[in-house]
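Text of work-v3.pdb, listed as PDB, C-alpha atoms, pLDDT in the B column:
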ATOM      1  CA  MET A  39     -19.046 -33.870  92.152  1.00 86.00           C
ATOM      2  CA  GLU A  40     -20.823 -36.241  89.757  1.00 93.00           C
ATOM      3  CA  ILE A  41     -20.819 -36.833  86.013  1.00 93.00           C
ATOM      4  CA  LYS A  42     -24.151 -35.629  84.713  1.00 94.00           C
ATOM      5  CA  LYS A  43     -23.704 -36.446  81.043  1.00 92.00           C
ATOM      6  CA  LEU A  44     -21.242 -37.766  78.437  1.00 93.00           C
ATOM      7  CA  SER A  45     -21.777 -36.598  74.869  1.00 91.00           C
ATOM      8  CA  PHE A  46     -19.723 -36.945  71.705  1.00 87.00           C
ATOM      9  CA  SER A  47     -18.715 -33.817  69.838  1.00 81.00           C
ATOM     10  CA  SER A  48     -20.531 -33.227  66.547  1.00 76.00           C
ATOM     11  CA  ARG A  49     -17.200 -32.213  64.987  1.00 79.00           C
ATOM     12  CA  SER A  50     -15.018 -35.104  66.105  1.00 79.00           C
ATOM     13  CA  ALA A  51     -15.792 -38.649  67.226  1.00 77.00           C
ATOM     14  CA  SER A  52     -12.604 -38.665  69.301  1.00 84.00           C
ATOM     15  CA  ARG A  53     -13.809 -35.783  71.499  1.00 91.00           C
ATOM     16  CA  VAL A  54     -16.287 -36.284  74.346  1.00 94.00           C
ATOM     17  CA  PHE A  55     -17.836 -33.560  76.469  1.00 93.00           C
ATOM     18  CA  VAL A  56     -18.051 -34.475  80.144  1.00 94.00           C
ATOM     19  CA  THR A  57     -20.761 -32.476  81.909  1.00 94.00           C
ATOM     20  CA  PHE A  58     -20.664 -32.358  85.705  1.00 92.00           C
ATOM     21  CA  SER A  59     -23.393 -31.984  88.315  1.00 91.00           C
ATOM     22  CA  ASP A  60     -22.665 -28.256  88.700  1.00 90.00           C
ATOM     23  CA  ASN A  61     -23.327 -27.861  84.929  1.00 90.00           C
ATOM     24  CA  SER A  62     -19.670 -27.164  84.144  1.00 91.00           C
ATOM     25  CA  TYR A  63     -18.139 -29.283  81.390  1.00 93.00           C
ATOM     26  CA  LEU A  64     -14.808 -30.308  79.898  1.00 94.00           C
ATOM     27  CA  PRO A  65     -13.777 -31.835  76.553  1.00 95.00           C
ATOM     28  CA  LEU A  66     -11.882 -35.102  76.821  1.00 94.00           C
ATOM     29  CA  ASP A  67     -10.476 -37.545  74.306  1.00 93.00           C
ATOM     30  CA  SER A  68     -12.504 -40.732  73.929  1.00 91.00           C
ATOM     31  CA  ASP A  69      -9.555 -42.973  74.894  1.00 92.00           C
ATOM     32  CA  SER A  70      -9.297 -41.242  78.283  1.00 94.00           C
ATOM     33  CA  VAL A  71     -13.045 -41.681  78.849  1.00 92.00           C
ATOM     34  CA  LEU A  72     -12.542 -45.424  78.407  1.00 92.00           C
ATOM     35  CA  ASN A  73      -9.321 -45.554  80.438  1.00 92.00           C
ATOM     36  CA  PHE A  74     -10.901 -43.651  83.350  1.00 92.00           C
ATOM     37  CA  HIS A  75     -14.062 -45.828  83.097  1.00 94.00           C
ATOM     38  CA  LEU A  76     -16.228 -42.728  83.121  1.00 93.00           C
ATOM     39  CA  LYS A  77     -20.007 -43.092  83.029  1.00 92.00           C
ATOM     40  CA  LYS A  78     -23.160 -41.105  83.608  1.00 93.00           C
ATOM     41  CA  ASN A  79     -24.128 -40.431  87.264  1.00 92.00           C
ATOM     42  CA  GLN A  80     -20.675 -41.478  88.432  1.00 94.00           C
ATOM     43  CA  ALA A  81     -19.591 -39.867  91.705  1.00 95.00           C
ATOM     44  CA  LEU A  82     -16.072 -38.433  91.576  1.00 93.00           C
ATOM     45  CA  THR A  83     -13.536 -38.002  94.327  1.00 93.00           C
ATOM     46  CA  PRO A  84     -11.488 -34.780  94.281  1.00 90.00           C
ATOM     47  CA  LEU A  85      -8.529 -36.797  92.957  1.00 92.00           C
ATOM     48  CA  GLN A  86     -10.606 -38.304  90.141  1.00 93.00           C
ATOM     49  CA  TYR A  87     -11.919 -34.887  89.185  1.00 92.00           C
ATOM     50  CA  GLN A  88      -8.381 -33.468  89.151  1.00 92.00           C
ATOM     51  CA  LYS A  89      -7.212 -36.274  86.863  1.00 93.00           C
ATOM     52  CA  ILE A  90     -10.036 -35.495  84.440  1.00 93.00           C
ATOM     53  CA  VAL A  91      -9.141 -31.802  84.515  1.00 94.00           C
ATOM     54  CA  ASP A  92      -5.444 -32.473  83.895  1.00 94.00           C
ATOM     55  CA  GLN A  93      -6.139 -34.921  81.069  1.00 95.00           C
ATOM     56  CA  SER A  94      -8.647 -32.564  79.468  1.00 95.00           C
ATOM     57  CA  LEU A  95      -6.186 -29.666  79.513  1.00 96.00           C
ATOM     58  CA  PHE A  96      -3.408 -31.878  78.166  1.00 96.00           C
ATOM     59  CA  PHE A  97      -5.720 -33.019  75.378  1.00 96.00           C
ATOM     60  CA  LEU A  98      -6.625 -29.419  74.500  1.00 96.00           C
ATOM     61  CA  LEU A  99      -2.999 -28.268  74.621  1.00 96.00           C
ATOM     62  CA  LYS A 100      -1.866 -31.074  72.319  1.00 96.00           C
ATOM     63  CA  ASP A 101      -4.637 -30.304  69.860  1.00 94.00           C
ATOM     64  CA  TYR A 102      -3.806 -26.585  69.891  1.00 96.00           C
ATOM     65  CA  ALA A 103      -0.059 -27.196  69.510  1.00 96.00           C
ATOM     66  CA  LEU A 104      -0.581 -29.530  66.553  1.00 96.00           C
ATOM     67  CA  ARG A 105      -2.769 -26.949  64.821  1.00 95.00           C
ATOM     68  CA  GLN A 106      -0.152 -24.252  65.392  1.00 96.00           C
ATOM     69  CA  ILE A 107       2.656 -26.404  64.013  1.00 95.00           C
ATOM     70  CA  ALA A 108       0.518 -27.324  61.002  1.00 95.00           C
ATOM     71  CA  LEU A 109       0.293 -23.599  60.183  1.00 95.00           C
ATOM     72  CA  SER A 110       4.070 -23.082  60.303  1.00 95.00           C
ATOM     73  CA  PRO A 111       7.179 -24.528  62.005  1.00 95.00           C
ATOM     74  CA  LYS A 112       7.688 -23.459  65.607  1.00 96.00           C
ATOM     75  CA  THR A 113      10.609 -23.407  68.026  1.00 96.00           C
ATOM     76  CA  GLU A 114      10.165 -24.673  71.572  1.00 96.00           C
ATOM     77  CA  LYS A 115      10.281 -21.088  72.839  1.00 96.00           C
ATOM     78  CA  ILE A 116       7.519 -19.929  70.491  1.00 96.00           C
ATOM     79  CA  ILE A 117       5.191 -22.852  71.195  1.00 97.00           C
ATOM     80  CA  THR A 118       5.784 -22.522  74.945  1.00 97.00           C
ATOM     81  CA  GLN A 119       4.703 -18.875  74.852  1.00 96.00           C
ATOM     82  CA  LYS A 120       1.614 -19.779  72.839  1.00 97.00           C
ATOM     83  CA  LEU A 121       0.744 -22.678  75.151  1.00 97.00           C
ATOM     84  CA  ASN A 122       0.978 -20.440  78.213  1.00 95.00           C
ATOM     85  CA  LEU A 123      -1.454 -17.942  76.724  1.00 96.00           C
ATOM     86  CA  TYR A 124      -3.821 -20.660  75.485  1.00 96.00           C
ATOM     87  CA  LEU A 125      -3.793 -22.456  78.821  1.00 94.00           C
ATOM     88  CA  LYS A 126      -4.822 -19.285  80.653  1.00 92.00           C
ATOM     89  CA  LYS A 127      -7.615 -18.823  78.129  1.00 94.00           C
ATOM     90  CA  ILE A 128      -9.090 -22.316  78.478  1.00 93.00           C
ATOM     91  CA  VAL A 129      -8.788 -22.354  82.278  1.00 90.00           C
ATOM     92  CA  SER A 130     -10.881 -19.187  82.296  1.00 90.00           C
ATOM     93  CA  LYS A 131     -13.295 -20.507  79.650  1.00 91.00           C
ATOM     94  CA  TYR A 132     -14.187 -23.705  81.503  1.00 90.00           C
ATOM     95  CA  GLY A 133     -14.312 -22.159  84.984  1.00 85.00           C
ATOM     96  CA  LEU A 134     -12.265 -24.894  86.639  1.00 82.00           C
ATOM     97  CA  LYS A 135     -12.779 -25.611  90.307  1.00 74.00           C
ATOM     98  CA  THR A 136      -9.141 -26.562  90.806  1.00 79.00           C
ATOM     99  CA  GLN A 137      -5.863 -24.863  89.908  1.00 80.00           C
ATOM    100  CA  PRO A 138      -3.921 -27.027  87.441  1.00 84.00           C
ATOM    101  CA  SER A 139      -0.144 -27.089  87.272  1.00 89.00           C
ATOM    102  CA  PHE A 140       0.688 -24.944  84.239  1.00 90.00           C
ATOM    103  CA  GLN A 141       4.349 -25.903  84.317  1.00 93.00           C
ATOM    104  CA  ALA A 142       3.667 -29.653  84.379  1.00 95.00           C
ATOM    105  CA  LEU A 143       1.044 -29.488  81.615  1.00 96.00           C
ATOM    106  CA  ILE A 144       3.253 -27.474  79.298  1.00 96.00           C
ATOM    107  CA  LYS A 145       6.224 -29.736  80.060  1.00 97.00           C
ATOM    108  CA  ASP A 146       4.144 -32.813  79.166  1.00 97.00           C
ATOM    109  CA  THR A 147       2.951 -31.167  75.950  1.00 97.00           C
ATOM    110  CA  LEU A 148       6.513 -30.271  74.922  1.00 97.00           C
ATOM    111  CA  GLU A 149       7.655 -33.829  75.634  1.00 97.00           C
ATOM    112  CA  TYR A 150       4.829 -35.127  73.451  1.00 96.00           C
ATOM    113  CA  LEU A 151       5.801 -32.800  70.582  1.00 96.00           C
ATOM    114  CA  ASN A 152       9.510 -33.548  70.891  1.00 95.00           C
ATOM    115  CA  GLY A 153       8.756 -37.265  71.047  1.00 95.00           C
ATOM    116  CA  LYS A 154       7.167 -36.951  67.618  1.00 94.00           C
ATOM    117  CA  ASN A 155       9.997 -34.723  66.310  1.00 93.00           C
ATOM    118  CA  LEU A 156       7.554 -31.897  65.636  1.00 95.00           C
ATOM    119  CA  LEU A 157       9.754 -29.106  66.996  1.00 94.00           C
ATOM    120  CA  ASP A 158      12.565 -28.848  64.452  1.00 92.00           C
ATOM    121  CA  PRO A 159      14.579 -25.615  64.835  1.00 92.00           C
ATOM    122  CA  GLN A 160      16.184 -26.036  61.412  1.00 92.00           C
ATOM    123  CA  SER A 161      12.769 -26.195  59.744  1.00 93.00           C
ATOM    124  CA  PHE A 162      11.849 -22.991  61.538  1.00 95.00           C
ATOM    125  CA  VAL A 163      15.074 -21.286  60.388  1.00 93.00           C
ATOM    126  CA  ASP A 164      14.440 -22.275  56.758  1.00 92.00           C
ATOM    127  CA  TYR A 165      10.801 -21.152  56.968  1.00 93.00           C
ATOM    128  CA  PHE A 166      11.689 -17.845  58.620  1.00 93.00           C
ATOM    129  CA  ILE A 167      14.364 -16.992  56.035  1.00 89.00           C
ATOM    130  CA  ARG A 168      11.997 -17.800  53.153  1.00 89.00           C
ATOM    131  CA  HIS A 169       9.318 -15.531  54.585  1.00 90.00           C
ATOM    132  CA  HIS A 170      11.682 -12.606  55.263  1.00 87.00           C
ATOM    133  CA  PRO A 171      13.662 -12.338  52.020  1.00 82.00           C
ATOM    134  CA  LYS A 172      14.305  -8.607  52.381  1.00 81.00           C
ATOM    135  CA  LYS A 173      15.840  -8.658  55.849  1.00 84.00           C
ATOM    136  CA  SER A 174      19.580  -8.346  56.298  1.00 84.00           C
ATOM    137  CA  TYR A 175      21.727 -11.190  57.573  1.00 84.00           C
ATOM    138  CA  GLN A 176      22.364  -9.501  60.935  1.00 85.00           C
ATOM    139  CA  HIS A 177      18.697  -8.663  61.440  1.00 88.00           C
ATOM    140  CA  LEU A 178      17.647 -12.233  60.601  1.00 90.00           C
ATOM    141  CA  CYS A 179      20.142 -13.680  63.090  1.00 91.00           C
ATOM    142  CA  LEU A 180      18.893 -11.311  65.792  1.00 92.00           C
ATOM    143  CA  LEU A 181      15.246 -12.238  65.189  1.00 93.00           C
ATOM    144  CA  LEU A 182      16.010 -15.964  65.019  1.00 95.00           C
ATOM    145  CA  SER A 183      17.932 -15.816  68.306  1.00 94.00           C
ATOM    146  CA  ARG A 184      14.993 -14.086  69.968  1.00 94.00           C
ATOM    147  CA  GLN A 185      12.744 -16.908  68.778  1.00 94.00           C
ATOM    148  CA  GLY A 186      14.867 -19.513  70.540  1.00 94.00           C
ATOM    149  CA  VAL A 187      17.054 -20.752  67.693  1.00 94.00           C
ATOM    150  CA  PRO A 188      20.383 -22.028  69.110  1.00 93.00           C
ATOM    151  CA  PRO A 189      23.574 -20.301  67.861  1.00 92.00           C
ATOM    152  CA  GLN A 190      24.812 -23.360  65.973  1.00 93.00           C
ATOM    153  CA  LEU A 191      21.719 -23.319  63.755  1.00 91.00           C
ATOM    154  CA  LEU A 192      21.900 -19.661  62.779  1.00 90.00           C
ATOM    155  CA  PRO A 193      22.644 -19.165  59.063  1.00 84.00           C
ATOM    156  CA  ARG A 194      26.269 -18.707  58.077  1.00 80.00           C
ATOM    157  CA  PRO A 195      27.399 -15.312  56.758  1.00 76.00           C
ATOM    158  CA  ASP A 196      28.797 -16.764  53.534  1.00 69.00           C
ATOM    159  CA  SER A 197      25.355 -18.069  52.594  1.00 63.00           C
ATOM    160  CA  PHE A 198      24.071 -14.479  52.548  1.00 65.00           C
ATOM    161  CA  SER A 199      27.032 -12.470  51.275  1.00 60.00           C
ATOM    162  CA  SER A 200      26.052 -12.602  47.603  1.00 63.00           C
ATOM    163  CA  GLY A 201      22.488 -11.527  48.261  1.00 76.00           C
ATOM    164  CA  GLU A 202      23.022  -8.679  50.728  1.00 76.00           C
ATOM    165  CA  LYS A 203      23.856  -6.123  48.043  1.00 76.00           C
ATOM    166  CA  ASP A 204      20.814  -7.155  46.020  1.00 78.00           C
ATOM    167  CA  LYS A 205      18.611  -6.561  49.059  1.00 80.00           C
ATOM    168  CA  ILE A 206      20.169  -3.132  49.569  1.00 80.00           C
ATOM    169  CA  LYS A 207      19.527  -2.278  45.909  1.00 80.00           C
ATOM    170  CA  LYS A 208      15.857  -3.223  46.223  1.00 80.00           C
ATOM    171  CA  ILE A 209      15.453  -1.111  49.365  1.00 79.00           C
ATOM    172  CA  LEU A 210      17.328   1.769  47.761  1.00 79.00           C
ATOM    173  CA  THR A 211      15.050   1.614  44.713  1.00 78.00           C
ATOM    174  CA  LYS A 212      12.050   2.194  46.996  1.00 76.00           C
ATOM    175  CA  LYS A 213      13.715   4.807  49.188  1.00 70.00           C
ATOM    176  CA  ILE A 214      15.512   6.814  46.515  1.00 68.00           C
ATOM    177  CA  HIS A 215      12.614   9.247  46.037  1.00 67.00           C
ATOM    178  CA  ARG A 216      13.138  10.389  49.627  1.00 69.00           C
ATOM    179  CA  PHE A 217      16.841  10.991  48.960  1.00 63.00           C
ATOM    180  CA  PRO A 218      16.919  12.446  45.450  1.00 61.00           C
ATOM    181  CA  ASP A 219      20.396  13.949  45.782  1.00 64.00           C
ATOM    182  CA  LEU A 220      22.842  11.368  47.083  1.00 64.00           C
ATOM    183  CA  SER A 221      25.733  13.652  46.284  1.00 66.00           C
ATOM    184  CA  ASP A 222      24.515  15.681  49.269  1.00 68.00           C
ATOM    185  CA  TYR A 223      26.390  14.534  52.380  1.00 70.00           C
ATOM    186  CA  LYS A 224      23.425  14.824  54.759  1.00 74.00           C
ATOM    187  CA  SER A 225      21.029  12.938  52.479  1.00 71.00           C
ATOM    188  CA  LYS A 226      23.591  10.219  51.844  1.00 75.00           C
ATOM    189  CA  ASN A 227      24.344   9.885  55.566  1.00 78.00           C
ATOM    190  CA  LYS A 228      20.648   9.597  56.445  1.00 78.00           C
ATOM    191  CA  LEU A 229      20.203   6.797  53.932  1.00 79.00           C
ATOM    192  CA  ILE A 230      23.290   4.963  55.161  1.00 80.00           C
ATOM    193  CA  SER A 231      22.082   5.261  58.784  1.00 82.00           C
ATOM    194  CA  SER A 232      18.678   3.902  57.789  1.00 81.00           C
ATOM    195  CA  LEU A 233      20.249   0.859  56.129  1.00 81.00           C
ATOM    196  CA  LEU A 234      22.657   0.288  59.015  1.00 79.00           C
ATOM    197  CA  ARG A 235      19.693   0.118  61.412  1.00 81.00           C
ATOM    198  CA  GLN A 236      18.328  -2.699  59.286  1.00 77.00           C
ATOM    199  CA  GLY A 237      21.491  -4.714  59.902  1.00 77.00           C
ATOM    200  CA  PHE A 238      23.337  -4.301  56.628  1.00 81.00           C
ATOM    201  CA  SER A 239      27.118  -3.861  56.720  1.00 76.00           C
ATOM    202  CA  TYR A 240      28.610  -0.435  56.056  1.00 76.00           C
ATOM    203  CA  LEU A 241      30.904  -1.790  53.342  1.00 77.00           C
ATOM    204  CA  ASP A 242      27.994  -3.338  51.396  1.00 77.00           C
ATOM    205  CA  ILE A 243      25.878  -0.195  51.789  1.00 78.00           C
ATOM    206  CA  LYS A 244      28.707   2.090  50.618  1.00 78.00           C
ATOM    207  CA  ALA A 245      29.513  -0.147  47.667  1.00 75.00           C
ATOM    208  CA  VAL A 246      25.903  -0.102  46.440  1.00 78.00           C
ATOM    209  CA  ILE A 247      25.462   3.658  46.955  1.00 77.00           C
ATOM    210  CA  ASP A 248      28.780   4.502  45.306  1.00 75.00           C
ATOM    211  CA  ASP A 249      27.761   2.460  42.258  1.00 75.00           C
ATOM    212  CA  TRP A 250      24.260   3.923  42.119  1.00 73.00           C
ATOM    213  CA  PRO A 251      23.505   5.746  38.819  1.00 67.00           C
ATOM    214  CA  ASN A 252      23.520   9.542  38.703  1.00 55.00           C
ATOM    215  CA  ILE A 253      25.660   9.984  41.816  1.00 46.00           C
ATOM    216  CA  SER A 254      28.516  12.347  41.194  1.00 40.00           C
TER     217      SER A 254
END
Can the structure from this file be put into structure tokens for me?
Amino acid sequence: MEIKKLSFSSRSASRVFVTFSDNSYLPLDSDSVLNFHLKKNQALTPLQYQKIVDQSLFFLLKDYALRQIALSPKTEKIITQKLNLYLKKIVSKYGLKTQPSFQALIKDTLEYLNGKNLLDPQSFVDYFIRHHPKKSYQHLCLLLSRQGVPPQLLPRPDSFSSGEKDKIKKILTKKIHRFPDLSDYKSKNKLISSLLRQGFSYLDIKAVIDDWPNIS
């Protein structure tokens, strides 16, 4: 394998495309091009080629992870899932001649992100709660746990207690047309079951329904 061409990206001066003698190519950061002493017509050993592949994939994974975190906070579990999918995509895109170590590349990327304190679970919790204002406390905790938030960072019940009834009232306002007669046992029970499935407590649900206007 030889290096056929080195060309800078038109979008970024820090990105260089390394084209090989088989016409395949890989993007690489300019610092790595200098550190590896890469040049046109350079013959590569299998080990040298593998190092270029690994560094290219690491460079792409870092860039992708930073863009994802810029969009919204991420937990380590979320970014790991995204990195796995992205890594499969770019390995296929560039038609690599070697099989990289997915586990090692993702581990190195996570270490890079953690080293820069870019994976902050508390920031993710705050962001998630802000963007799901209508969800019940129990449902939020369930979703946050599934996203890799540790138990000690889950929101405390007392921080939600005052707002749970308000959320139920808002949902009830939208649903009430489907349950016009809440004095009817079956209608009332269906509504309560619906709200229970959303994670609200029975006591809060009953208190709101019992105080709802026009219920005899």
Report task. Identify the residues around (10.5, -25.9, 76.0) within a radius of 8 Å, measuring from only C-alpha atoms in the coordinates stated by the file, and give them as a ChimeraX atom specification. Result -> /A:114-115,117-118,145,148
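The interatomic distance for the pair atom CA of Arg105 of chain A and atom CA of Phe166 of chain A works out to 18.2 Å.
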Requested in this report: Within 10 Å of Ala81 of chain A, counting only C-alpha atoms, which residues show up once you throw out same-chain ones fewer than 4 positions away? Write them as a list of chain:residue names, please.
Outcome: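 Here the qualifying residues turn out to be A:Met39, A:Glu40, A:Ile41, A:Lys42, A:Phe58, A:Ser59, A:Leu76, A:Lys77, A:Gln86, A:Tyr87.
Near segment 65-75 of chain A, within 10 Å and counting all atoms listed in the file, sit Leu44, Ser45, Phe46, Ser47, Ser50, Ala51, Ser52, Arg53, Val54, Phe55, Val56, Thr57, Tyr63, Lys77, Gln80, Gln86, Lys89, Ile90, Val91, Asp92, Gln93, Ser94, Leu95, Phe96, Phe97, Leu98 and Tyr132 of chain A; same-chain residues fewer than 2 positions away were not included.
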Report task. Go through A:Pro84, A:Pro159, A:Gly237, A:Pro111 and flag the residue nearest His177 of chain A, using only C-alpha atoms for the distances. Result -> A:Gly237
Query raised in the report: What lies within 12 Å of Asp204 of chain A using only C-alpha atoms, ignoring chain neighbours under 4 positions off, as a PyMOL selection string?
Result: chain A and resi 171-174+198-200+208-211+238+242-243+245-247
Keeping only C-alpha atoms, write the selected residues as an mmCIF file, in the coordinates of the input.
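Below you can see result08.cif, which holds the result:
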data_model
loop_
_atom_site.group_PDB
_atom_site.id
_atom_site.type_symbol
_atom_site.label_atom_id
_atom_site.label_comp_id
_atom_site.auth_asym_id
_atom_site.auth_seq_id
_atom_site.Cartn_x
_atom_site.Cartn_y
_atom_site.Cartn_z
ATOM 1 C CA PRO A 171 13.662 -12.338 52.020
ATOM 2 C CA LYS A 172 14.305 -8.607 52.381
ATOM 3 C CA LYS A 173 15.840 -8.658 55.849
ATOM 4 C CA SER A 174 19.580 -8.346 56.298
ATOM 5 C CA PHE A 198 24.071 -14.479 52.548
ATOM 6 C CA SER A 199 27.032 -12.470 51.275
ATOM 7 C CA SER A 200 26.052 -12.602 47.603
ATOM 8 C CA LYS A 208 15.857 -3.223 46.223
ATOM 9 C CA ILE A 209 15.453 -1.111 49.365
ATOM 10 C CA LEU A 210 17.328 1.769 47.761
ATOM 11 C CA THR A 211 15.050 1.614 44.713
ATOM 12 C CA PHE A 238 23.337 -4.301 56.628
ATOM 13 C CA ASP A 242 27.994 -3.338 51.396
ATOM 14 C CA ILE A 243 25.878 -0.195 51.789
ATOM 15 C CA ALA A 245 29.513 -0.147 47.667
ATOM 16 C CA VAL A 246 25.903 -0.102 46.440
ATOM 17 C CA ILE A 247 25.462 3.658 46.955
#
Requested in this report: Write out as a PyMOL selection string the residues lying within 12 Å of Tyr150 of chain A, counting all atoms listed in the file and excluding same-chain residues fewer than 4 positions away.
Outcome: chain A and resi 96-97+99-101+103-104+114+143-146+154-157
Query raised in the report: Using the chain letters and numbers from the file, which residues does the PyMOL selection byres ((chain A and resi 192) around 9) grab, as a PyMOL selection string?
Result: chain A and resi 160+163+178-179+182-183+187-191+193-194
Could you take the residues named above and write them with C-alpha atoms, as an mmCIF file, keeping the file's coordinate frame?
data_model
loop_
_atom_site.group_PDB
_atom_site.id
_atom_site.type_symbol
_atom_site.label_atom_id
_atom_site.label_comp_id
_atom_site.auth_asym_id
_atom_site.auth_seq_id
_atom_site.Cartn_x
_atom_site.Cartn_y
_atom_site.Cartn_z
ATOM 1 C CA GLN A 160 16.184 -26.036 61.412
ATOM 2 C CA VAL A 163 15.074 -21.286 60.388
ATOM 3 C CA LEU A 178 17.647 -12.233 60.601
ATOM 4 C CA CYS A 179 20.142 -13.680 63.090
ATOM 5 C CA LEU A 182 16.010 -15.964 65.019
ATOM 6 C CA SER A 183 17.932 -15.816 68.306
ATOM 7 C CA VAL A 187 17.054 -20.752 67.693
ATOM 8 C CA PRO A 188 20.383 -22.028 69.110
ATOM 9 C CA PRO A 189 23.574 -20.301 67.861
ATOM 10 C CA GLN A 190 24.812 -23.360 65.973
ATOM 11 C CA LEU A 191 21.719 -23.319 63.755
ATOM 12 C CA PRO A 193 22.644 -19.165 59.063
ATOM 13 C CA ARG A 194 26.269 -18.707 58.077
#
Query raised in the report: What is the atom CA of Gln176 of chain A-atom CA of Ser239 of chain A distance in Å, reported with one decimal?
Result: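 Distance between the two atoms: 8.5 Å.
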Report task. Find the spatial neighbours of Ser161 of chain A, counting only C-alpha atoms, within a cut-off of 10 Å - ignore same-chain residues fewer than 6 positions away - and output them as a list in words. Result ->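 Surrounding residues, per the criterion: Ser110, Pro111, Lys112 and Thr113 of chain A.
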Report task. Mind giving me the straight-line distance from atom CA of Asp248 of chain A to atom CA of Glu202 of chain A in Å, one decimal? Result ->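 Straight-line distance from atom CA of Asp248 of chain A to atom CA of Glu202 of chain A works out to 15.4 Å.
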Query raised in the report: Which is closest to Leu151 of chain A among A:Lys213, A:Lys131, A:Tyr102, A:Ser48, if we use only C-alpha atoms?
Result: A:Tyr102
May I have the centre and edge lengths, in Å to one decimal, of an axis-aligned box around the listed atoms of segment 247-250 of chain A with 4 Å added to every side, as lines of an AutoDock Vina configuration file?
center_x = 26.5
center_y = 3.5
center_z = 44.5
size_x = 12.5
size_y = 10.0
size_z = 12.8
